[in-house]
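Colleague: Contents are PDB, C-alpha atoms, pLDDT in the B column; file name protein-v4.pdb:
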ATOM      1  CA  MET N 733       0.000   0.000   0.000  1.00 88.00           C
ATOM      2  CA  LYS N 734       1.307   3.430  -0.867  1.00 89.00           C
ATOM      3  CA  VAL N 735       1.195   5.750   2.157  1.00 91.00           C
ATOM      4  CA  SER N 736       0.601   9.501   1.967  1.00 89.00           C
ATOM      5  CA  PRO N 737       0.536  11.757   5.049  1.00 85.00           C
ATOM      6  CA  ASN N 738      -2.189  13.885   3.395  1.00 89.00           C
ATOM      7  CA  LYS N 739      -4.829  11.114   3.294  1.00 92.00           C
ATOM      8  CA  PHE N 740      -7.203   9.581   5.812  1.00 94.00           C
ATOM      9  CA  TYR N 741      -6.965   5.907   6.735  1.00 95.00           C
ATOM     10  CA  TRP N 742      -9.004   3.385   8.686  1.00 95.00           C
ATOM     11  CA  VAL N 743      -7.031   2.047  11.633  1.00 96.00           C
ATOM     12  CA  THR N 744      -8.239  -1.108  13.359  1.00 96.00           C
ATOM     13  CA  MET N 745      -6.674  -2.075  16.669  1.00 96.00           C
ATOM     14  CA  GLU N 746      -7.071  -5.781  17.435  1.00 96.00           C
ATOM     15  CA  VAL N 747      -6.304  -7.568  20.699  1.00 97.00           C
ATOM     16  CA  GLY N 748      -7.517 -11.165  20.680  1.00 93.00           C
ATOM     17  CA  ASP N 749     -11.257 -11.011  19.936  1.00 94.00           C
ATOM     18  CA  TRP N 750     -11.581  -7.281  20.714  1.00 97.00           C
ATOM     19  CA  LYS N 751     -11.464  -4.764  17.814  1.00 97.00           C
ATOM     20  CA  ARG N 752     -11.731  -0.995  17.620  1.00 95.00           C
ATOM     21  CA  LYS N 753     -11.986   0.763  14.265  1.00 95.00           C
ATOM     22  CA  GLY N 754     -11.439   4.469  13.729  1.00 93.00           C
ATOM     23  CA  ARG N 755     -10.006   7.008  11.334  1.00 94.00           C
ATOM     24  CA  CYS N 756      -6.492   8.367  11.385  1.00 95.00           C
ATOM     25  CA  SER N 757      -4.441  10.878   9.438  1.00 93.00           C
ATOM     26  CA  HIS N 758      -0.831  12.025   9.069  1.00 94.00           C
ATOM     27  CA  LEU N 759       0.311   8.403   8.656  1.00 95.00           C
ATOM     28  CA  LYS N 760       4.099   8.024   8.412  1.00 95.00           C
ATOM     29  CA  MET N 761       6.166   4.848   8.351  1.00 95.00           C
ATOM     30  CA  LYS N 762       9.907   4.402   8.777  1.00 95.00           C
ATOM     31  CA  ARG N 763      11.614   1.023   8.328  1.00 95.00           C
ATOM     32  CA  THR N 764      14.021   0.240  11.162  1.00 96.00           C
ATOM     33  CA  SER N 765      15.168  -3.284  10.235  1.00 94.00           C
ATOM     34  CA  GLU N 766      15.080  -5.598   7.245  1.00 91.00           C
ATOM     35  CA  ASP N 767      14.655  -9.078   8.715  1.00 89.00           C
ATOM     36  CA  PRO N 768      12.003  -9.218  10.037  1.00 89.00           C
ATOM     37  CA  PRO N 769      10.626  -6.033   8.404  1.00 93.00           C
ATOM     38  CA  THR N 770      10.111  -3.742  11.402  1.00 96.00           C
ATOM     39  CA  TYR N 771       8.656  -0.240  11.189  1.00 96.00           C
ATOM     40  CA  VAL N 772       8.027   2.765  13.394  1.00 97.00           C
ATOM     41  CA  VAL N 773       4.531   3.980  12.520  1.00 96.00           C
ATOM     42  CA  GLN N 774       3.304   7.456  13.507  1.00 96.00           C
ATOM     43  CA  PHE N 775      -0.263   8.711  13.082  1.00 96.00           C
ATOM     44  CA  PHE N 776      -2.900  11.009  14.552  1.00 95.00           C
ATOM     45  CA  ASP N 777      -6.165   9.268  15.493  1.00 87.00           C
ATOM     46  CA  PHE N 778      -8.256  12.303  16.582  1.00 82.00           C
ATOM     47  CA  GLU N 779      -7.532  11.604  20.243  1.00 79.00           C
ATOM     48  CA  SER N 780      -3.764  12.004  20.206  1.00 91.00           C
ATOM     49  CA  HIS N 781      -0.599  11.425  18.235  1.00 95.00           C
ATOM     50  CA  ARG N 782       0.432   7.789  18.408  1.00 94.00           C
ATOM     51  CA  GLN N 783       3.655   5.957  17.665  1.00 96.00           C
ATOM     52  CA  ILE N 784       3.969   2.193  17.465  1.00 96.00           C
ATOM     53  CA  GLU N 785       6.828  -0.114  16.583  1.00 97.00           C
ATOM     54  CA  GLY N 786       5.728  -3.294  14.877  1.00 96.00           C
ATOM     55  CA  THR N 787       6.578  -6.080  12.499  1.00 96.00           C
ATOM     56  CA  LEU N 788       4.900  -6.044   9.103  1.00 96.00           C
ATOM     57  CA  VAL N 789       2.747  -9.194   8.935  1.00 95.00           C
ATOM     58  CA  GLU N 790       0.735  -8.587   5.772  1.00 95.00           C
ATOM     59  CA  GLU N 791       0.748  -6.002   2.991  1.00 94.00           C
ATOM     60  CA  GLY N 792      -1.778  -5.674   0.179  1.00 94.00           C
ATOM     61  CA  GLU N 793      -2.697  -3.009  -2.336  1.00 92.00           C
ATOM     62  CA  GLU N 794      -5.168  -1.410   0.089  1.00 91.00           C
ATOM     63  CA  HIS N 795      -4.017  -2.469   3.581  1.00 95.00           C
ATOM     64  CA  MET N 796      -1.071  -3.114   5.902  1.00 96.00           C
ATOM     65  CA  LEU N 797      -1.119  -5.251   9.070  1.00 97.00           C
ATOM     66  CA  PHE N 798       1.419  -4.785  11.875  1.00 97.00           C
ATOM     67  CA  SER N 799       2.026  -6.990  14.903  1.00 97.00           C
ATOM     68  CA  ILE N 800       3.161  -5.113  17.992  1.00 96.00           C
ATOM     69  CA  GLY N 801       3.644  -8.199  20.132  1.00 93.00           C
ATOM     70  CA  GLY N 802       1.539 -11.065  21.355  1.00 91.00           C
ATOM     71  CA  GLU N 803      -1.989 -10.866  19.999  1.00 94.00           C
ATOM     72  CA  LYS N 804      -1.899  -7.096  19.385  1.00 97.00           C
ATOM     73  CA  PHE N 805      -2.296  -5.920  15.785  1.00 97.00           C
ATOM     74  CA  TYR N 806      -2.812  -2.639  13.945  1.00 97.00           C
ATOM     75  CA  ARG N 807      -4.435  -2.733  10.491  1.00 97.00           C
ATOM     76  CA  PHE N 808      -4.284   0.349   8.235  1.00 97.00           C
ATOM     77  CA  GLU N 809      -6.622   0.578   5.240  1.00 96.00           C
ATOM     78  CA  GLU N 810      -7.284   3.331   2.731  1.00 93.00           C
ATOM     79  CA  PHE N 811     -10.288   5.462   3.709  1.00 92.00           C
ATOM     80  CA  LYS N 812     -12.951   5.480   1.021  1.00 85.00           C
ATOM     81  CA  GLY N 813     -15.925   7.722   1.772  1.00 68.00           C
TER
END
Is it possible to give me this structure as structure tokens?

Modeller:
Amino acid sequence: MKVSPNKFYWVTMEVGDWKRKGRCSHLKMKRTSEDPPTYVVQFFDFESHRQIEGTLVEEGEEHMLFSIGGEKFYRFEEFKG
């Protein structure tokens, strides 16, 4: 997925069976290691600025899924209307 800081994205936080979906903006990603592909992800989710460090688990044309340890995941998807 191509990331632009000027777009809105859906962010879904998943912990086990619990999920919370919301919008975010100002999404930025910086790769910190190659194997496994680890990123520092920064975004603003209308409550506060957030920064996570996670391993890229899955990447498609319209989404990215990061594991931040255990059963905690962040999914970013393009916002469409």

Colleague: What does the distance from CA of Ser736 (chain N) to CA of Glu803 (chain N) come to in Å, to one decimal?

Modeller: 27.3 Å

Colleague: Which residue, N:Phe811, N:Tyr771, N:Tyr741, N:Lys762, has the smallest gap to Thr787 (chain N) when you use only C-alpha atoms?

Modeller: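 For Thr787 (chain N), the nearest of the given residues is N:Tyr771.
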
Colleague: Select, from N:Met733, N:Glu785, N:Phe775, N:Ser780, the residue with the minimum atom-to-atom distance to Lys804 (chain N), counting all atoms listed in the file.

Modeller: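 Distance minimum relative to Lys804 (chain N) lands on N:Glu785.
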
Colleague: Using all atoms listed in the file, which protein or nucleic acid residues come within 8 Å of His795 (chain N)? Drop anything in the same chain fewer than 4 positions from it, and give the result as a PyMOL selection string.

Modeller: chain N and resi 733+791+807-810

Colleague: Evaluate the PyMOL selection byres ((chain N and resi 745) around 9) here and jot the selected residues down as a PyMOL selection string.

Modeller: chain N and resi 743-744+746-747+750-754+804-807

Colleague: Near Asp767 (chain N), within 12 Å and counting all atoms listed in the file, which residues show up once chain neighbours fewer than 2 positions away are dropped, as a ChimeraX atom specification?

Modeller: /N:763-765,769-771,787-789

Colleague: Translate the PyMOL selection byres ((chain N and resi 776) around 10), as applied to the file shown, into an explicit residue set as a PyMOL selection string.

Modeller: chain N and resi 740+755-760+774-775+777-783

Colleague: Suppose you want the space between CA of Met761 (chain N) and CA of Phe798 (chain N); what is it in Å?

Modeller: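 Separating CA of Met761 (chain N) from CA of Phe798 (chain N) is a distance of 11.3 Å.
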
Colleague: Quick one, how far is CA of Gly748 (chain N) from CA of Glu766 (chain N)?

Modeller: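 Pair CA of Gly748 (chain N) / CA of Glu766 (chain N) returns 26.9 Å.
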
Colleague: Find the residue from N:Lys734, N:Lys812, N:Ile800, N:Glu793 that sits nearest to Val773 (chain N); use all atoms listed in the file when measuring.

Modeller: N:Ile800

Colleague: Please supply region 785-809 of chain N, rebuilt with N, CA and C atoms, as a PDB file, keeping the file's coordinate frame.

Modeller:
ATOM      1  N   GLU N 785       5.760   0.601  17.271  1.00 97.00           N
ATOM      2  CA  GLU N 785       6.828  -0.114  16.583  1.00 97.00           C
ATOM      3  C   GLU N 785       6.338  -1.534  16.390  1.00 97.00           C
ATOM      4  N   GLY N 786       6.286  -1.980  15.140  1.00 96.00           N
ATOM      5  CA  GLY N 786       5.728  -3.294  14.877  1.00 96.00           C
ATOM      6  C   GLY N 786       6.351  -3.969  13.680  1.00 96.00           C
ATOM      7  N   THR N 787       6.095  -5.258  13.596  1.00 96.00           N
ATOM      8  CA  THR N 787       6.578  -6.080  12.499  1.00 96.00           C
ATOM      9  C   THR N 787       5.487  -6.169  11.440  1.00 96.00           C
ATOM     10  N   LEU N 788       5.854  -5.950  10.193  1.00 96.00           N
ATOM     11  CA  LEU N 788       4.900  -6.044   9.103  1.00 96.00           C
ATOM     12  C   LEU N 788       4.524  -7.503   8.892  1.00 96.00           C
ATOM     13  N   VAL N 789       3.239  -7.826   9.061  1.00 95.00           N
ATOM     14  CA  VAL N 789       2.747  -9.194   8.935  1.00 95.00           C
ATOM     15  C   VAL N 789       2.164  -9.428   7.549  1.00 95.00           C
ATOM     16  N   GLU N 790       1.436  -8.434   7.039  1.00 95.00           N
ATOM     17  CA  GLU N 790       0.735  -8.587   5.772  1.00 95.00           C
ATOM     18  C   GLU N 790       0.634  -7.242   5.081  1.00 95.00           C
ATOM     19  N   GLU N 791       0.870  -7.233   3.764  1.00 94.00           N
ATOM     20  CA  GLU N 791       0.748  -6.002   2.991  1.00 94.00           C
ATOM     21  C   GLU N 791       0.017  -6.303   1.695  1.00 94.00           C
ATOM     22  N   GLY N 792      -1.029  -5.549   1.415  1.00 94.00           N
ATOM     23  CA  GLY N 792      -1.778  -5.674   0.179  1.00 94.00           C
ATOM     24  C   GLY N 792      -1.832  -4.330  -0.522  1.00 94.00           C
ATOM     25  N   GLU N 793      -2.590  -4.262  -1.602  1.00 92.00           N
ATOM     26  CA  GLU N 793      -2.697  -3.009  -2.336  1.00 92.00           C
ATOM     27  C   GLU N 793      -3.450  -1.947  -1.550  1.00 92.00           C
ATOM     28  N   GLU N 794      -4.350  -2.377  -0.644  1.00 91.00           N
ATOM     29  CA  GLU N 794      -5.168  -1.410   0.089  1.00 91.00           C
ATOM     30  C   GLU N 794      -5.059  -1.529   1.599  1.00 91.00           C
ATOM     31  N   HIS N 795      -4.132  -2.340   2.126  1.00 95.00           N
ATOM     32  CA  HIS N 795      -4.017  -2.469   3.581  1.00 95.00           C
ATOM     33  C   HIS N 795      -2.610  -2.902   3.992  1.00 95.00           C
ATOM     34  N   MET N 796      -2.308  -2.648   5.260  1.00 96.00           N
ATOM     35  CA  MET N 796      -1.071  -3.114   5.902  1.00 96.00           C
ATOM     36  C   MET N 796      -1.437  -3.575   7.305  1.00 96.00           C
ATOM     37  N   LEU N 797      -0.846  -4.690   7.750  1.00 97.00           N
ATOM     38  CA  LEU N 797      -1.119  -5.251   9.070  1.00 97.00           C
ATOM     39  C   LEU N 797       0.193  -5.364   9.826  1.00 97.00           C
ATOM     40  N   PHE N 798       0.221  -4.767  11.036  1.00 97.00           N
ATOM     41  CA  PHE N 798       1.419  -4.785  11.875  1.00 97.00           C
ATOM     42  C   PHE N 798       1.136  -5.526  13.169  1.00 97.00           C
ATOM     43  N   SER N 799       2.090  -6.334  13.608  1.00 97.00           N
ATOM     44  CA  SER N 799       2.026  -6.990  14.903  1.00 97.00           C
ATOM     45  C   SER N 799       2.910  -6.209  15.853  1.00 97.00           C
ATOM     46  N   ILE N 800       2.350  -5.847  17.024  1.00 96.00           N
ATOM     47  CA  ILE N 800       3.161  -5.113  17.992  1.00 96.00           C
ATOM     48  C   ILE N 800       3.463  -5.968  19.208  1.00 96.00           C
ATOM     49  N   GLY N 801       3.297  -7.278  19.054  1.00 93.00           N
ATOM     50  CA  GLY N 801       3.644  -8.199  20.132  1.00 93.00           C
ATOM     51  C   GLY N 801       2.441  -8.966  20.631  1.00 93.00           C
ATOM     52  N   GLY N 802       2.633 -10.239  20.860  1.00 91.00           N
ATOM     53  CA  GLY N 802       1.539 -11.065  21.355  1.00 91.00           C
ATOM     54  C   GLY N 802       0.400 -11.130  20.363  1.00 91.00           C
ATOM     55  N   GLU N 803      -0.801 -10.848  20.850  1.00 94.00           N
ATOM     56  CA  GLU N 803      -1.989 -10.866  19.999  1.00 94.00           C
ATOM     57  C   GLU N 803      -2.444  -9.458  19.621  1.00 94.00           C
ATOM     58  N   LYS N 804      -1.540  -8.480  19.685  1.00 97.00           N
ATOM     59  CA  LYS N 804      -1.899  -7.096  19.385  1.00 97.00           C
ATOM     60  C   LYS N 804      -1.507  -6.758  17.942  1.00 97.00           C
ATOM     61  N   PHE N 805      -2.506  -6.254  17.188  1.00 97.00           N
ATOM     62  CA  PHE N 805      -2.296  -5.920  15.785  1.00 97.00           C
ATOM     63  C   PHE N 805      -2.894  -4.560  15.466  1.00 97.00           C
ATOM     64  N   TYR N 806      -2.279  -3.871  14.510  1.00 97.00           N
ATOM     65  CA  TYR N 806      -2.812  -2.639  13.945  1.00 97.00           C
ATOM     66  C   TYR N 806      -2.954  -2.853  12.438  1.00 97.00           C
ATOM     67  N   ARG N 807      -4.175  -2.616  11.917  1.00 97.00           N
ATOM     68  CA  ARG N 807      -4.435  -2.733  10.491  1.00 97.00           C
ATOM     69  C   ARG N 807      -4.748  -1.343   9.955  1.00 97.00           C
ATOM     70  N   PHE N 808      -4.053  -0.928   8.892  1.00 97.00           N
ATOM     71  CA  PHE N 808      -4.284   0.349   8.235  1.00 97.00           C
ATOM     72  C   PHE N 808      -4.847   0.071   6.850  1.00 97.00           C
ATOM     73  N   GLU N 809      -5.977   0.738   6.530  1.00 96.00           N
ATOM     74  CA  GLU N 809      -6.622   0.578   5.240  1.00 96.00           C
ATOM     75  C   GLU N 809      -6.940   1.951   4.679  1.00 96.00           C
TER      76      GLU N 809
END
